[in-house]
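Chemist: Dumping the structure here so I can ask a few things about it.
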Amino acid sequence: MQLNINGQSRTSTADPSMPLLWVLRDELQLTGTKFGCGIAACGACTVHVGGQPVRSCVMPVSAVANQAIKTIESLGTAEKPHPLQTAWIAEQVPQCGYCQSGMLMAAAALLDKTPNPSDAEIDAAMTNLCRCGTYQRVRKAIHRAAAAMKKGGAA
Amino acid sequence: MKRRTWLLSALGATGALVVGWSVMPARSRLGSPELMLKTQGDIALNGWIKIAADGAVVLAMPRSEMGQGVHTALAMLVAEELDVPLSRVRLEQAGADSIYGNVAMLVASLPFHPLDSEGENKPTQIKMGEWLVGKVARELGLNATGGSSSIADLWEPLRMAAATARASLVQAAATTWKVPASDITVTAGVMKHASGQSAHYGQMVAAASGSTPSGIQTKSRENWKLIGQPAPRTDIPAKVTGQATFGLDVRLPGMLFAAVQMCPMLGGSAASMDTKDALALKGVSKVVPLDAWGGGTAGLAVVGQTTWHARQGVQAVKVQWQAPDTGALDTQRIQADLLKALNEDSGFTFHEQGVPTQAEKAATTRIDALYQAPYLAHATMEPMNCTAQVKDGKVDIWVPTQVPQMARDMAAKVAKVDNDNVTVHVTQLGGGFGRRLDVDFIGQAVQVAMACEGQPVQLSWSREEDMKHDFYRPMHLAKFQASLDEKGEVTSLRIKSAGDAITPRWMARAAPHLSGPIDMPDKTTSEGLFDLPYGFASQHMSHVATKSGVPVGFWRSVGHSHNAFFSESFIDELAAATKQDPLAFRLKLLKDAPRYAAVLQLVADKAGWGTPLPAGRAQGIALHKSFGSIVAQVAEISLANGQIRVHRVVCAIDCGTVVNPGTVAQQMESSVVYALSAALFGKIDIVGGVVQQSNFSDAPMLTLSQTPVVETHIVPSTSHPAGVGEPAVPPLAPAVGNALFALTGKRQRALPLEV
């Protein structure tokens, strides 16, 4: 089956019922997306499918064939960071960092749809779990990125 | 007021361990250059510092980064003394020499009363205890990241190592240039002389090599440029691009994946196993029965082409599980046993002062209360995992661990090779919180790797296995009894608690060679109860150590985590019973403990204690010292739909000298959230030997929308640096519980809190 991941076409021989998470991590070596719970409860495995945030640990790979899949690896780079990544560094969000790929992908999907989210909108969209308790800084960083994107006029 | 402390228990607590930190100069941990990894172009000047050809600094890093920011803070110490920017310090995993061992952590395990064991005028027996344990710790060289001890332990040795390296480099330049060393200045790693001579460290390191200048002084604090200023963490950029390598992100050529299932009954095993269906699955190659390693439970592993294949395989194995010979565990029964132990056993006395029996006899009023706390799981975001390769008599493991030497020892034991044939590669840790002080899963990974003919294999646990096979914070019960005289003054406080001791169980399973023949008193059972700062004239604190059979471990802030809930809630009860303001009541009792009083007053001022709140809101206050740091918190709460809603938590901390204030604030926030999850939701129930909670669906954790605003205020200090990663956990539950009492008039004496 053909997968469209981070703008590249990739061929997967995976069983159709295999969750996207494991295709990304164990087959395609894209380890930025994390396993946390396996039941779509924690959001560590969040990626974008067709622009929507999706918990890849419960998403059969066959359901996303030929759709645009975006992972943390294409959100931005050290040289060309996404405004959220810049904000994440400015607010010193991550601690252990394990949940942060999922947090960032959830936040990116939120800002795509709601460029200037209120606290209530952040509460509703950001249901990812973080055991280091970085939530307060996640909120600040989303506001900061939203402001920067408004000023810069682009993501 | 005379306090009695128990030297015997002190020594016992550490398994009759190891030379006084205070009398052991930092130079003794300088180490020789041979201890560092030989790398092309770099030259080592001691056991900690190498200089690269381009002048960059390479630091041997023995401590694990699990979110607490220690890789940044420790690098700051070295950058400060070498006068290089933080970005010029690179980290390299330290080896296993004893200079890298954690002395401070073991010395801190001594059950001395803080009001006796701090400052210049310590009693002789405390000095002796610290000296002896420090010596043993130094000899043992146990490298562990835990007990919020990394900065406290490496504060002197790292600065001394860097200052010594700097002196060698400057001396080499002085000799080369034929000028006095004192005329050379260093800026950003470049040495300069007024004559116009200039060289970076890389150009002088060959000449400096082999010299060991003595009489080196570290910088005085007025000359610090980095220490005490917030520094951006060096590990963060890789953590926002998905590039950081956690244990589960290790990828090796030809690597296989393994999934596990342990016997659902703790301590049980497989009576029989039918692997036919599992082995018939595509992508599944092997089923490996697993022994019970490192205090864990036996089970099985399935090896497959991906983690998913391996997990499918686990589901397909038909197993007949059996309970352990000792019978199935049950939390309700354990709770009843603890109550019985509390009432019938005398326990070990950790602290006594005054004459409690006399005060009790003379009392006109008595206040009694029974408190309890449940078992708790760590639930690190990254479940337990280890990647192992056993090939040609050599073992390599890639593992997120807090104890690399114990990891090595476990791998060597399982593979039946010498320790020298094991290489441990420590990855980033996706959370630790004490869970990764255990090495059970490492034994499993090596056992599976031995069955994989030299191929590397990544063994990982599902969330369910992680929740059901943790080393849990032990359930504890505590009885409080206060005696009041006719004026309503509290004359005596008696505390007795019961629960499993952690340290002896951990030593027995993870470091059996250090484990004694009998359990010695364990400070972790009594910390937060025997060491209260309040000036009650008579006090007695004892603990009954039980052996429930439940695997128990170190849970962020350990005994303090539940004991502070007990003690700070009961102090609040006494304030209420004597109709005093909880802040004023505490301050009155802290006349001989000015450091505590200052932290408490600061938090009260910053939180606006005593000023009117919006309708439906209330504040609670709590104060606690752990890991050398005093933290006070005020929690502001309300009730929404019958649930506790915490709006704001103000933290004040005195943690001695601060290295990176940014990290301190991060850790206050982190601790509040971690502790609030536990206070509102946290519990583990065991029925028929089986842990009932399994995943975040039935063991909820705090989410962003439930997170209070957390404010941090640091008390300026020039004392020796103390812990930061844990000390803000203990006061949170009592602060919230006390706020709940202020709001509802109902006292909660059990965790998790209920409305």
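The way I read the labels, and the way they are meant: chains A, B, ... in the order of the structure tokens, residue 1 as the first residue of every chain, and ligand 1 as the first ligand shown, with later ones counted on from there.
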Only residues of chain B matter here; which ones have an atom within 6 Å of chain A, counting only C-alpha atoms? Give them as JSON, numbers by chain.

Modeler: {"B": [66, 67, 239, 240, 242, 249, 306, 381, 430, 431, 463, 670, 673, 703, 704, 705]}

Chemist: Identify all residues of region 61-133 of chain B in strand (DSSP E) (DSSP on the backbone) and supply them as a list in words.

Modeler: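 For region 61-133 of chain B, the strand (DSSP E) set is Met61, Val89, Arg90, Leu91, Glu92 and Gln93 of chain B.
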
Chemist: Go through region 14-138 of chain A and collect every residue that DSSP, computed from the backbone, puts in alpha helix (DSSP H); the answer should be as a ChimeraX atom specification.

Modeler: /A:20-22,83-90,100-113,119-125,135-138

Chemist: Need the shell around Asn102 (chain B): protein/DNA/RNA residues with any atom at most 10 Å away, counting only C-alpha atoms. Skip same-chain ones fewer than 2 positions apart. Format as a PyMOL selection string?

Modeler: chain B and resi 62-63+98-100+104-107+134+137-138+140-147+149-150+152-154

Chemist: Report, in Å to a single decimal, how far apart CA of Leu24 (chain A) and CA of Cys45 (chain A) are.

Modeler: 10.1 Å

Chemist: Would you kindly return, as a list in words, each protein, DNA or RNA residue with an atom no farther than 10 Å from any atom of region 33-42 of chain B, considering only C-alpha atoms and excluding same-chain residues fewer than 5 positions away?

Modeler: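 The residues that qualify are Gly47, Trp48, Ile49, Lys50, Ile51, Ala52, Ala53, Asp54, Gly55, Ala56, Val57, Val58, Leu59, Ala60, Glu92, Gln93, Ala94, Gly95, Ala96, Asp97, Ile99, Gly202, Val205, Ala206, Ser209 and Gly210 of chain B.
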
Chemist: Tell me, as a list in words, which residues lie within 12 Å of Pro115 (chain A), counting only C-alpha atoms; anything in the same chain fewer than 2 positions away does not count.

Modeler: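 Residues meeting the cut-off are Pro83, Leu84, Ala107, Ala108, Ala109, Leu110, Leu111, Asp112, Lys113, Pro117, Ser118, Glu121, Ile122, Ile142, His143, Arg144, Ala145, Ala146, Ala147, Ala148, Met149, Lys150, Lys151, Gly153, Ala154 and Ala155 of chain A.
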
Chemist: Tell me, as a ChimeraX atom specification, which residues lie within 9 Å of Gln332 (chain B), counting only C-alpha atoms; anything in the same chain fewer than 2 positions away does not count.

Modeler: /B:330,334-337,685-687

Chemist: Write the residues of the preceding selection, restricted to C-alpha atoms, as a compact mmCIF listing (two decimals), in the first residue's frame.

Modeler:
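What landed in again.txt:
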# COMPACT_ATOMS: atom_id res chain seq x y z
CA ASP B 330 -5.29 -8.08 48.33
CA ILE B 334 -3.28 -5.49 53.61
CA GLN B 335 -5.08 -2.43 54.94
CA ALA B 336 -6.57 -4.49 57.76
CA ASP B 337 -3.12 -5.98 58.47
CA ASP B 685 -6.14 -1.58 44.15
CA ILE B 686 -5.10 -5.22 44.20
CA VAL B 687 -7.74 -7.94 44.22

Chemist: Tell me which of B:Ala75, B:Ile571, B:Ile684, B:Val403 sits closest to Gly737 (chain B), counting only C-alpha atoms.

Modeler: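 Among the listed residues, the smallest separation from Gly737 (chain B) belongs to B:Ile571.
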
Chemist: Rounded to one decimal in Å, what is the spacing between CA of Leu82 (chain B) and CA of Ala165 (chain B)?

Modeler: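 Computed distance, CA of Leu82 (chain B) to CA of Ala165 (chain B), equals 7.6 Å.
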
Chemist: To one decimal in Å, tell me the separation between CA of Asp519 (chain B) and CA of Ser542 (chain B).

Modeler: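 Going from CA of Asp519 (chain B) over to CA of Ser542 (chain B) covers 15.7 Å.
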